[in-house]
Amino acid sequence: MRRDLLHGLDITLWDGHEVRLMAFRDPDVPLAGNGTYPGSTIRIPRGVIFHGETQGKGPPPHTVHWHGIEPTPINDGVGHCSMELGQYVYQWQPNHIGSYFYHCHRNTPQHFEFGLFGFMIIEPPDAYDPGDGKNVGGYPRRTAANLTDFPQFPGFVGGELTSGDPHAMTVPYDVEALWVLDDID
């Protein structure tokens, strides 16, 4: 995965005003080549080794913090506490499925408000191959859920997270909507 921390993305708001943002650009996705707000969604199967190459465009330093993930300190991207960069390849291994986000952690309030954030989904290791070969990368998908007290959710798989079952404590879903509740002032 590659992300450029890009300066100077102009977007037109609902009222016709233009706003300049500092956004993430994904050089591997043509539609995200000029930057997007928020950054492109990153999907990672649980347990794989993730490599995230980042490059700062504009005045450094920048970091990328993988919110909710617990990598080594050098790969955590917390400004003033770990590495601050112009270019770096983050490496870590996600151990828990779920929905997370990533963001620049240098001057966090300003950089977050100016668009340096995106979604990250850690999926069960078999999310890309359900076994029948007919629905690779499609739906239904599964996400982490603690629904032991709510048996009315069909398809919920309980059990222990340490059981080795990749679907333990998950529920299927077939509609995905990622919302950003934010304002531009």
# chains A, B, ... in the order shown; residues from 1 in each chain; ligands from 1

call {"tool": "residues_around", "arguments": {"residues": "Gly118 of chain A", "least_positions_apart": "5", "cutoff": "10 Å", "atoms": "only C-alpha atoms", "output": "PyMOL selection string"}}
result
chain A and resi 23-24+36-42+66+100-104+112+180

call {"tool": "write_last_selection", "arguments": {"atoms": "all heavy atoms", "output": "compact mmCIF listing (two decimals), in the first residue's frame"}}
result
# COMPACT_ATOMS: atom_id res chain seq x y z
N ALA A 23 -4.66 16.29 1.66
CA ALA A 23 -5.30 14.98 1.66
C ALA A 23 -4.28 13.88 1.37
O ALA A 23 -3.15 14.15 0.99
CB ALA A 23 -6.41 14.95 0.62
N PHE A 24 -4.72 12.62 1.56
CA PHE A 24 -3.92 11.48 1.15
C PHE A 24 -4.18 11.21 -0.32
O PHE A 24 -5.31 11.27 -0.79
CB PHE A 24 -4.30 10.23 1.95
CG PHE A 24 -3.69 10.18 3.31
CD1 PHE A 24 -4.45 10.48 4.43
CD2 PHE A 24 -2.36 9.84 3.49
CE1 PHE A 24 -3.89 10.42 5.70
CE2 PHE A 24 -1.80 9.78 4.74
CZ PHE A 24 -2.56 10.08 5.86
N THR A 36 -7.96 12.30 -2.22
CA THR A 36 -9.37 12.13 -1.90
C THR A 36 -9.63 12.58 -0.48
O THR A 36 -8.72 12.60 0.35
CB THR A 36 -9.83 10.67 -2.04
OG1 THR A 36 -9.07 9.85 -1.14
CG2 THR A 36 -9.67 10.16 -3.46
N TYR A 37 -10.87 12.93 -0.22
CA TYR A 37 -11.29 13.29 1.13
C TYR A 37 -12.47 12.41 1.50
O TYR A 37 -13.50 12.49 0.84
CB TYR A 37 -11.72 14.76 1.19
CG TYR A 37 -12.23 15.16 2.56
CD1 TYR A 37 -11.36 15.54 3.55
CD2 TYR A 37 -13.59 15.14 2.84
CE1 TYR A 37 -11.82 15.91 4.81
CE2 TYR A 37 -14.06 15.50 4.09
CZ TYR A 37 -13.17 15.88 5.06
OH TYR A 37 -13.62 16.23 6.31
N PRO A 38 -12.34 11.55 2.50
CA PRO A 38 -11.12 11.16 3.20
C PRO A 38 -10.23 10.32 2.31
O PRO A 38 -10.57 10.06 1.15
CB PRO A 38 -11.65 10.34 4.38
CG PRO A 38 -12.94 9.77 3.89
CD PRO A 38 -13.51 10.81 2.95
N GLY A 39 -9.08 9.88 2.84
CA GLY A 39 -8.16 9.03 2.08
C GLY A 39 -8.82 7.71 1.70
O GLY A 39 -9.82 7.30 2.28
N SER A 40 -8.25 7.03 0.72
CA SER A 40 -8.79 5.75 0.25
C SER A 40 -8.84 4.73 1.38
O SER A 40 -7.96 4.70 2.24
CB SER A 40 -7.91 5.19 -0.87
OG SER A 40 -7.89 6.05 -1.97
N THR A 41 -9.87 3.88 1.35
CA THR A 41 -10.02 2.83 2.35
C THR A 41 -8.96 1.76 2.13
O THR A 41 -8.70 1.35 1.01
CB THR A 41 -11.42 2.19 2.27
OG1 THR A 41 -12.39 3.22 2.52
CG2 THR A 41 -11.59 1.07 3.27
N ILE A 42 -8.35 1.32 3.23
CA ILE A 42 -7.35 0.25 3.19
C ILE A 42 -7.99 -1.00 3.78
O ILE A 42 -8.55 -0.96 4.87
CB ILE A 42 -6.11 0.64 4.03
CG1 ILE A 42 -5.47 1.91 3.48
CG2 ILE A 42 -5.12 -0.52 4.07
CD1 ILE A 42 -4.37 2.45 4.38
N TRP A 66 -1.79 4.58 12.92
CA TRP A 66 -2.75 3.55 12.58
C TRP A 66 -3.64 3.35 13.80
O TRP A 66 -3.36 2.55 14.67
CB TRP A 66 -2.01 2.28 12.17
CG TRP A 66 -0.91 2.58 11.20
CD1 TRP A 66 0.41 2.77 11.49
CD2 TRP A 66 -1.05 2.80 9.80
NE1 TRP A 66 1.10 3.07 10.34
CE2 TRP A 66 0.22 3.10 9.29
CE3 TRP A 66 -2.14 2.76 8.92
CZ2 TRP A 66 0.45 3.36 7.95
CZ3 TRP A 66 -1.91 3.03 7.59
CH2 TRP A 66 -0.63 3.31 7.11
N TYR A 100 -11.19 0.55 11.64
CA TYR A 100 -10.22 1.46 12.23
C TYR A 100 -10.06 2.66 11.30
O TYR A 100 -10.71 2.75 10.27
CB TYR A 100 -8.87 0.76 12.40
CG TYR A 100 -8.93 -0.49 13.24
CD1 TYR A 100 -9.17 -1.74 12.66
CD2 TYR A 100 -8.75 -0.43 14.61
CE1 TYR A 100 -9.22 -2.89 13.44
CE2 TYR A 100 -8.80 -1.58 15.40
CZ TYR A 100 -9.04 -2.80 14.80
OH TYR A 100 -9.10 -3.93 15.57
N PHE A 101 -9.17 3.57 11.66
CA PHE A 101 -8.83 4.63 10.72
C PHE A 101 -7.36 4.98 10.88
O PHE A 101 -6.71 4.61 11.84
CB PHE A 101 -9.74 5.86 10.88
CG PHE A 101 -9.59 6.64 12.15
CD1 PHE A 101 -8.83 7.80 12.19
CD2 PHE A 101 -10.24 6.24 13.31
CE1 PHE A 101 -8.71 8.53 13.35
CE2 PHE A 101 -10.13 6.96 14.48
CZ PHE A 101 -9.36 8.11 14.50
N TYR A 102 -6.83 5.65 9.87
CA TYR A 102 -5.45 6.11 9.91
C TYR A 102 -5.45 7.61 9.71
O TYR A 102 -6.37 8.17 9.10
CB TYR A 102 -4.60 5.40 8.84
CG TYR A 102 -5.02 5.61 7.41
CD1 TYR A 102 -4.41 6.58 6.63
CD2 TYR A 102 -6.03 4.85 6.83
CE1 TYR A 102 -4.79 6.78 5.30
CE2 TYR A 102 -6.42 5.03 5.52
CZ TYR A 102 -5.79 5.99 4.76
OH TYR A 102 -6.17 6.19 3.47
N HIS A 103 -4.44 8.30 10.27
CA HIS A 103 -4.39 9.74 10.13
C HIS A 103 -2.99 10.25 10.40
O HIS A 103 -2.18 9.56 11.02
CB HIS A 103 -5.39 10.43 11.07
CG HIS A 103 -5.13 10.22 12.52
ND1 HIS A 103 -4.39 11.10 13.29
CD2 HIS A 103 -5.50 9.22 13.36
CE1 HIS A 103 -4.32 10.66 14.53
NE2 HIS A 103 -4.99 9.51 14.60
N CYS A 104 -2.71 11.45 9.93
CA CYS A 104 -1.46 12.10 10.24
C CYS A 104 -1.50 12.50 11.71
O CYS A 104 -2.49 13.04 12.19
CB CYS A 104 -1.25 13.32 9.36
SG CYS A 104 0.32 14.17 9.68
N PHE A 112 -5.79 16.58 10.69
CA PHE A 112 -7.01 15.79 10.58
C PHE A 112 -8.11 16.61 9.93
O PHE A 112 -8.78 16.15 9.00
CB PHE A 112 -7.44 15.29 11.97
CG PHE A 112 -8.47 14.21 11.91
CD1 PHE A 112 -8.11 12.88 11.94
CD2 PHE A 112 -9.81 14.52 11.85
CE1 PHE A 112 -9.06 11.88 11.90
CE2 PHE A 112 -10.78 13.53 11.81
CZ PHE A 112 -10.39 12.20 11.83
N VAL A 180 -18.24 9.70 7.32
CA VAL A 180 -17.36 10.66 7.97
C VAL A 180 -18.24 11.75 8.54
O VAL A 180 -18.91 12.47 7.79
CB VAL A 180 -16.34 11.29 6.99
CG1 VAL A 180 -15.52 12.34 7.68
CG2 VAL A 180 -15.46 10.22 6.40

call {"tool": "atom_distance", "arguments": {"atom1": "atom CA of Asn75 of chain A", "atom2": "atom CA of Asn146 of chain A"}}
result
28.9 Å

call {"tool": "closest_residue", "arguments": {"among": "A:Glu123, A:Asp4, A:Glu53, A:Asp10", "to": "His96 of chain A", "atoms": "only C-alpha atoms"}}
result
A:Glu123

call {"tool": "select_by_dssp", "arguments": {"residues": "segment 33-179 of chain A", "states": "strand (DSSP E or B)", "output": "count of residues only"}}
result
48

call {"tool": "select_by_dssp", "arguments": {"residues": "segment 30-168 of chain A", "states": "alpha helix (DSSP H)", "output": "JSON, numbers by chain"}}
result
{"A": [108, 109, 110, 111, 112, 113]}

call {"tool": "atom_distance", "arguments": {"atom1": "atom CA of Leu21 of chain A", "atom2": "atom CA of Leu9 of chain A"}}
result
5.0 Å

call {"tool": "residues_around", "arguments": {"residues": "Gln93 of chain A", "least_positions_apart": "4", "cutoff": "6 Å", "atoms": "only C-alpha atoms", "output": "number ranges by chain"}}
result
A: 47-50

call {"tool": "write_last_selection", "arguments": {"atoms": "all heavy atoms", "output": "CSV table (one decimal), in the first residue's frame"}}
result
chain,number,residue,atom,x,y,z
A,47,GLY,N,-3.7,-10.8,10.3
A,47,GLY,CA,-2.6,-11.7,10.4
A,47,GLY,C,-1.5,-11.5,9.3
A,47,GLY,O,-0.5,-12.1,9.5
A,48,VAL,N,-1.8,-10.8,8.3
A,48,VAL,CA,-0.8,-10.6,7.2
A,48,VAL,C,0.2,-9.5,7.7
A,48,VAL,O,-0.1,-8.7,8.6
A,48,VAL,CB,-1.4,-10.2,5.9
A,48,VAL,CG1,-2.3,-11.2,5.4
A,48,VAL,CG2,-2.0,-8.8,5.9
A,49,ILE,N,1.4,-9.5,7.1
A,49,ILE,CA,2.3,-8.4,7.4
A,49,ILE,C,2.0,-7.3,6.5
A,49,ILE,O,2.0,-7.4,5.3
A,49,ILE,CB,3.8,-8.9,7.2
A,49,ILE,CG1,4.1,-10.1,8.0
A,49,ILE,CG2,4.7,-7.7,7.5
A,49,ILE,CD1,4.0,-9.9,9.5
A,50,PHE,N,1.7,-6.1,7.0
A,50,PHE,CA,1.3,-4.9,6.3
A,50,PHE,C,2.5,-4.0,6.1
A,50,PHE,O,3.3,-3.8,7.0
A,50,PHE,CB,0.2,-4.2,7.1
A,50,PHE,CG,-0.1,-2.8,6.5
A,50,PHE,CD1,-1.0,-2.7,5.4
A,50,PHE,CD2,0.4,-1.7,7.0
A,50,PHE,CE1,-1.3,-1.5,4.8
A,50,PHE,CE2,0.1,-0.4,6.5
A,50,PHE,CZ,-0.7,-0.3,5.4

call {"tool": "residues_around", "arguments": {"residues": "Pro27 of chain A", "least_positions_apart": "5", "cutoff": "10 Å", "atoms": "only C-alpha atoms", "output": "PyMOL selection string"}}
result
chain A and resi 1-4+32-35

call {"tool": "atom_distance", "arguments": {"atom1": "atom CA of His167 of chain A", "atom2": "atom CA of Arg141 of chain A"}}
result
10.5 Å

call {"tool": "residues_around", "arguments": {"residues": "Asp183 of chain A", "least_positions_apart": "5", "cutoff": "12 Å", "atoms": "only C-alpha atoms", "output": "list in words"}}
result
Leu13, Phe112, Glu113, Phe114 and Gly115 of chain A

call {"tool": "write_last_selection", "arguments": {"atoms": "N, CA and C atoms", "output": "JSON list (two decimals), in the first residue's frame"}}
result
[["chain", "number", "residue", "atom", "x", "y", "z"],
["A", 13, "LEU", "N", -17.51, 22.56, -2.22],
["A", 13, "LEU", "CA", -18.51, 22.17, -1.24],
["A", 13, "LEU", "C", -19.91, 22.28, -1.82],
["A", 112, "PHE", "N", -5.79, 16.58, 10.69],
["A", 112, "PHE", "CA", -7.01, 15.79, 10.58],
["A", 112, "PHE", "C", -8.11, 16.61, 9.93],
["A", 113, "GLU", "N", -8.32, 17.82, 10.40],
["A", 113, "GLU", "CA", -9.37, 18.67, 9.84],
["A", 113, "GLU", "C", -9.13, 19.03, 8.39],
["A", 114, "PHE", "N", -7.87, 19.04, 7.98],
["A", 114, "PHE", "CA", -7.55, 19.35, 6.58],
["A", 114, "PHE", "C", -7.53, 18.11, 5.70],
["A", 115, "GLY", "N", -7.98, 16.97, 6.23],
["A", 115, "GLY", "CA", -8.22, 15.81, 5.37],
["A", 115, "GLY", "C", -7.20, 14.71, 5.40]]

call {"tool": "closest_residue", "arguments": {"among": "A:Leu147, A:Leu161, A:Val78, A:Met120", "to": "Leu178 of chain A", "atoms": "only C-alpha atoms"}}
result
A:Met120

call {"tool": "closest_residue", "arguments": {"among": "A:Met169, A:Ile121, A:Ile11, A:Val157", "to": "His67 of chain A", "atoms": "only C-alpha atoms"}}
result
A:Ile121
